[in-house]
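Visitor: After the structure tokens below, expect a handful of questions from me.
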Number of protein chains: 2
Amino acid sequence: MFREGRMSVDGEVPKDIHRPDHPNSVGWVRPRKAILFEERPLELEAGGTLGPVEMEYEIYGQEPGPGGENVILICHALTGDAHVAGWDADPLGPIREYRRAKPGWWDQMVGPGKAIDTNRFMVLCANVLGSCYGTSGPSSTNPATGRPWGLGFPMVTVGDWARQQRELLSLLGLGHVKAVVGGSMGGQMALEMGLAYPDLMDDLIILSAGHRVTSQGLAFNVAGRHAILNDPVFNDGDYYGGPWPLSGLAVARMMAQITYLSEESMGFKFGRRLRGKESPDFTLTGIDFELESYLNHQAQSFVKRYDPNSYLYLTRAMDYYDAADKWGGGDMAAMAERIRARTMVVSFSSDWLFPPELCRELVSGMCLARRPISYVNVPSRYGHDAFLVETETVRRLITCYLKQF
Amino acid sequence: MFREGRMSVDGEVPKDIHRPDHPNSVGWVRPRKAILFEERPLELEAGGTLGPVEMEYEIYGQEPGPGGENVILICHALTGDAHVAGWDADPLGPIREYRRAKPGWWDQMVGPGKAIDTNRFMVLCANVLGSCYGTSGPSSTNPATGRPWGLGFPMVTVGDWARQQRELLSLLGLGHVKAVVGGSMGGQMALEMGLAYPDLMDDLIILSAGHRVTSQGLAFNVAGRHAILNDPVFNDGDYYGGPWPLSGLAVARMMAQITYLSEESMGFKFGRRLRGKESPDFTLTGIDFELESYLNHQAQSFVKRYDPNSYLYLTRAMDYYDAADKWGGGDMAAMAERIRARTMVVSFSSDWLFPPELCRELVSGMCLARRPISYVNVPSRYGHDAFLVETETVRRLITCYLKQF
């Protein structure tokens with residue numbers, strides 16, 4: 001269910017993605033599994049416990065140095081997974097034999113000779129609790145019932161994710177890493193790690209993220225969840241044996257997709273262009289505009305690869321996260337004082353989901369707390385997606401930053 | 001079904017709404033009905049014909065002068081109706097006897113001694129084709145079948161609405177009016193009237209509207225319609241005898257509501273405040289934030305008063321409207337050259353549905369075409385809703401503008 005987006009390695013591959021045999025690709029990769037919180041369950045921030053927890057992660061590059069000084073932990077975004085770089089074959093089949101595979105979501109940034117250089121670093125990424133890509137979540141089996149957890153899965157928070165990441169590092173014998181890097185929801189998680197475990201990392205790199213979601217961000221998440229929760233087949237989240245609430249999820253994704261772009265990028269990508277026609281059909285139920293076709297396509301491909309319940313859990317965790325509240329009693333500087341890592345914050349001018357003004361609140365907090373902070377607001381028209389789309393700029397920023405120290 | 005929002009006139013009434021017996025209220029009003037296009041059906045812009053058409057409208061104030069020099073036509077917004085001012089009693093009962101009534105949507109602006117002064121003017125507003133407030137639309141009876149039209153109702157456009165308004169004026173013996181005034185969708189309609197019937201009015205007042213929707217505006221309409229069209233009980237629009245697709249409509253409204261506010265107004269109205277509690281419940285399906293409660297309330301009260309099919313028709317008409325394309329072959333100045341009326345355009349700084357930049361394209365076109373144009377960008381934090389919320393500023397702008405001539 002959740003492994004869509006595969007492509008033929010022999011066929012057409014996007015131009016900035018290297019094929020597995022290219023010297024700048026980490027090549028074929030396979031997800032790894034860990035069992036965490038087996039002896040002592042995870043005490044969840046929102047109450048209750050969870051354990052054992054299955055966790056999917058991927059590792060690329062070098063063996064870790066004794067003090068973890070060459071380890072980089074990457075935190076994925078809302079709909080991302082542990083598969084950051086290279087190509088993963090169908091997890092059910094023997095590696096390399098399957099032609100249908102999927103390139104990592106940040107392959108442009110991670111690999112031999114790339115910004116996060118696997119010739120220099122060990123790179124690690126783990127799927128978060130509540131997600132649907134191999135880590136325990138609502139679609140996993142509840143050992144107590146032998147059935148999928150559904151809404152019986154406990155509420156998880158950004159704090160729990162940070163704890164989960166640290167636990168995995170411990171299991172791998174890593175008490176310290178060079179850097180924690182994340183964008184969007186992954187940036188929230190990276191920030192939380194810097195606050196919860198200030199001595200765990202030397203550097204924090206936070207892209208397109210803030211210490212909380214904006215009011216609009218919260219509102220769009222509310223509306224997206226409303227669409228899923230009110231889908232008539234939602235069945236209190238217990239839909240795994242029947243039809244899935246994919247109508248609701250499609251609407252949630254369509255709406256979210258709008259928040260990932262900017263008015264300008266939508267304007268030049270699609271504007272009011274009609275799809276393959278000179279004049280409109282004046283259709284009420286059909287598709288006339290390119291933009292409609294795009295949003296439909298985005299929604300339809302998303303519902304093939306995501307669990308509606310996971311969408312509920314992860315967006316809710318984002319909503320509840322308020323780092324200033326949690327760590328500084330509402331005071332940004334008091335919060336920032338906890339951070340020991342050198343920190344780089346990158347915002348993008350047209351991002352309105354995590355807008356530059358919000359990122360600057362974090363930056364100002366760091367300045368007031370006299371913490372080492374670098375901040376770049378990248379001029380870009382790509383909106384929130386810029387952190388994934390402005391590859392050349394992000395590549396240079398990360399390369400320079402990691403070379404400094 | 002469509003007459004919610006009523007309140008007890010004896011009970012609490014919002015402070016800027018006058019009770020029906022107040023000297024600044026137009027008092028009790030009752031909608032009027034007209035039958036248009038009875039002899040010759042309306043030739044629709046998107047093809048096909050429609051007729052006869054039932055049309056609901058309201059009239060307040062003075063008798064019209066012989067040349068219509070004291071007549072002001074108001075155009076309503078997407079979810080508005082003909083009931084602009086005063087209090088309408090339950091349309092089924094004898095007037096004045098019913099305690100449950102509804103104040104007009106622009107009562108702050110229209111009445112004796114108000115900006116649009118009914119001591120001076122005759123004020124007229126008519127519900128648009130496709131809507132669900134008394135004018136023919138998908139919920140009306142199709143005379144050919146004796147059943148509700150549903151999606152059998154023909155596609156209507158902003159051009160058809162302009163035509164429909166002019167037809168009503170003709171029926172009332174009015175070949176000319178003093179001014180046409182509208183906000184949001186009503187502003188699109190007012191602009192269209194200025195372009196299609198340049199000699200019909202002396203003045204045009206266009207608030208929070210543009211010659212087209214933005215790409216984001218189009219995208220949100222697409223997502224909203226998607227929610228309705230994919231509601232499992234939508235039944236191709238033929239739901240009048242069964243359950244209505246209100247889940248879809250609720251999501252569409254929630255999303256639209258976000259676009260009516262600004263990040264700033266959401267921030268100060270709600271921010272991250274919890275609803276009546278100190279710490280969150282960490283609920284996945286319940287309500288924790290004030291903002292959630294607000295969006296839910298908005299959606300739930302909307303679905304009681306609006307027909308999902310009408311939402312489809314009216315948003316689609318907005319999407320298709322492109323005045324520059326229609327009247328100027330894509331050239332704003334060529335379009336603006338058609339306009340004869342003195343025109344005032346008012347935008348609001350934080351409106352991101354019809355943003356100031358879009359309004360300024362229209363204003364620039366008017367300047368290039370050397371047409372008489374006044375333009376005000378009102379500093380406001382209320383987003384798109386500002387045209388209804390910034391009553392004091394709008395009142396002064398309209399009062400001054402109408403007193404000039």
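We name chains A, B, ... following the order of the structure tokens; residues begin at 1 in each chain, and ligands are numbered from 1 as shown.
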Residues of chain B near chain A: apply a cut-off of 7 Å, count only C-alpha atoms, and supply the list as a VMD selection string.
Guide: chain B and resid 46 155 215 to 216 219 222 to 223 226 to 227 230 247 251 254 to 255 258 263 266 to 267 271 282 284 291 to 292 312 to 313 316
Visitor: As an NGL selection string, which residues of stretch 6-142 of chain B does DSSP assign to strand (DSSP E)?
Guide: :B and (7-8 or 28-29 or 32-36 or 42-43 or 49-50 or 53-61 or 71-75 or 87-89 or 100-103 or 110-111 or 116-117 or 122-126 or 141-142)
Visitor: So that I can see what lies close to stretch 347-351 of chain A, please list as a PyMOL selection string the residues with an atom at most 12 Å from it, counting only C-alpha atoms and leaving out residues fewer than 3 positions away in the same chain.
Guide: chain A and resi 183-184+187+205-210+214+217+258-266+344+354-363+374-390+393-394+397
Visitor: What is the atom CA of B:Ala77-atom CA of B:Gly182 distance in Å, reported with one decimal?
Guide: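 Taking atom CA of B:Ala77 and atom CA of B:Gly182, their separation equals 7.6 Å.
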Visitor: Give the answer as one residue: which of B:Asp88, B:Asp202, B:Asp81, B:Asp307 has the shortest atom-to-atom distance to B:Val128, using only C-alpha atoms?
Guide: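 For B:Val128, the nearest of the given residues is B:Asp81.
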Visitor: Quick one: everything within 10 Å of A:Trp149, counting only C-alpha atoms, minus sequence neighbours fewer than 3 positions away in the same chain. Send it as a ChimeraX atom specification.
Guide: /A:136-146,152-154,237-238,240,309
Visitor: Store the residues of this selection in a file with C-alpha atoms, as a PDB file, in the first residue's frame.
Guide:
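Once written, selection_25.pdb looks like this:
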```
ATOM      1  CA  SER A 136       4.951   1.618  14.404  1.00  0.00           C
ATOM      2  CA  GLY A 137       1.843   3.636  13.662  1.00  0.00           C
ATOM      3  CA  PRO A 138      -1.938   3.312  13.403  1.00  0.00           C
ATOM      4  CA  SER A 139      -1.690   0.853  10.505  1.00  0.00           C
ATOM      5  CA  SER A 140       0.693  -1.475  12.407  1.00  0.00           C
ATOM      6  CA  THR A 141      -0.610  -4.426  14.352  1.00  0.00           C
ATOM      7  CA  ASN A 142      -1.541  -3.796  17.946  1.00  0.00           C
ATOM      8  CA  PRO A 143       0.046  -6.774  19.738  1.00  0.00           C
ATOM      9  CA  ALA A 144      -2.743  -6.751  22.311  1.00  0.00           C
ATOM     10  CA  THR A 145      -5.462  -7.352  19.707  1.00  0.00           C
ATOM     11  CA  GLY A 146      -3.669  -8.756  16.683  1.00  0.00           C
ATOM     12  CA  GLY A 152      -6.165   2.999  19.469  1.00  0.00           C
ATOM     13  CA  PHE A 153      -2.608   4.036  18.676  1.00  0.00           C
ATOM     14  CA  PRO A 154      -1.568   6.528  21.339  1.00  0.00           C
ATOM     15  CA  GLY A 237     -10.269   4.927  12.091  1.00  0.00           C
ATOM     16  CA  ASP A 238     -11.048   1.216  11.888  1.00  0.00           C
ATOM     17  CA  TYR A 240      -8.316  -1.317   7.352  1.00  0.00           C
ATOM     18  CA  ASN A 309      -4.822   7.788  10.142  1.00  0.00           C
TER      19      ASN A 309
END
```
Visitor: Between atom CA of A:Leu129 and atom CA of A:Leu172, what is the distance in Å, rounded to a tenth?
Guide: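 The value is 18.3 Å.
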Visitor: Got a sec to tell me which of stretch 108-233 of chain A DSSP assigns to alpha helix (DSSP H), as number ranges by chain?
Guide: A: 158-171, 185-196, 215-229
Visitor: From the list B:Phe121, B:Phe37, B:Trp28, B:Trp87, which residue is nearest B:Leu73 when using only C-alpha atoms?
Guide: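 Using only C-alpha atoms, the shortest distance to B:Leu73 belongs to B:Phe121.
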Visitor: Near B:Glu192, within 8 Å and counting only C-alpha atoms, which residues show up once chain neighbours fewer than 4 positions away are dropped, as a CSV table (one decimal) with N, CA and C atoms, in the first residue's frame?
Guide:
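out-v2.csv was written with the following content:
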```csv
chain,number,residue,atom,x,y,z
B,158,VAL,N,-20.6,34.9,-14.7
B,158,VAL,CA,-20.7,36.3,-14.2
B,158,VAL,C,-21.4,37.2,-15.2
B,159,GLY,N,-21.1,36.9,-16.5
B,159,GLY,CA,-21.8,37.7,-17.6
B,159,GLY,C,-23.3,37.5,-17.5
B,162,ALA,N,-24.8,39.6,-14.8
B,162,ALA,CA,-24.9,41.0,-15.2
B,162,ALA,C,-26.1,41.2,-16.0
B,188,GLN,N,-16.9,41.4,-8.7
B,188,GLN,CA,-16.7,40.9,-10.1
B,188,GLN,C,-17.9,41.2,-10.9
B,196,ALA,N,-20.0,45.4,-19.6
B,196,ALA,CA,-21.0,44.9,-20.6
B,196,ALA,C,-22.1,46.0,-20.9
B,323,ALA,N,-12.1,39.1,-16.9
B,323,ALA,CA,-12.6,40.2,-17.6
B,323,ALA,C,-11.6,40.7,-18.7
```
Visitor: For B:Thr79, find every residue with an atom within 9 Å (counting only C-alpha atoms), except residues of its own chain fewer than 4 positions away, and show them as a PDB file with C-alpha atoms, in the first residue's frame.
Guide:
```pdb
ATOM      1  CA  SER B 131     -27.869  30.560  -5.868  1.00  0.00           C
ATOM      2  CA  TYR B 306     -26.529  26.732   1.771  1.00  0.00           C
ATOM      3  CA  TYR B 311     -21.654  26.315  -4.062  1.00  0.00           C
ATOM      4  CA  LEU B 314     -21.196  30.013  -8.048  1.00  0.00           C
TER       5      LEU B 314
END
```
Visitor: List the spatial neighbours of A:Gly61 as a PyMOL selection string - criterion: any atom at most 8 Å away, only C-alpha atoms, same-chain residues fewer than 4 positions off excluded.
Guide: chain A and resi 26+111-112+117-123
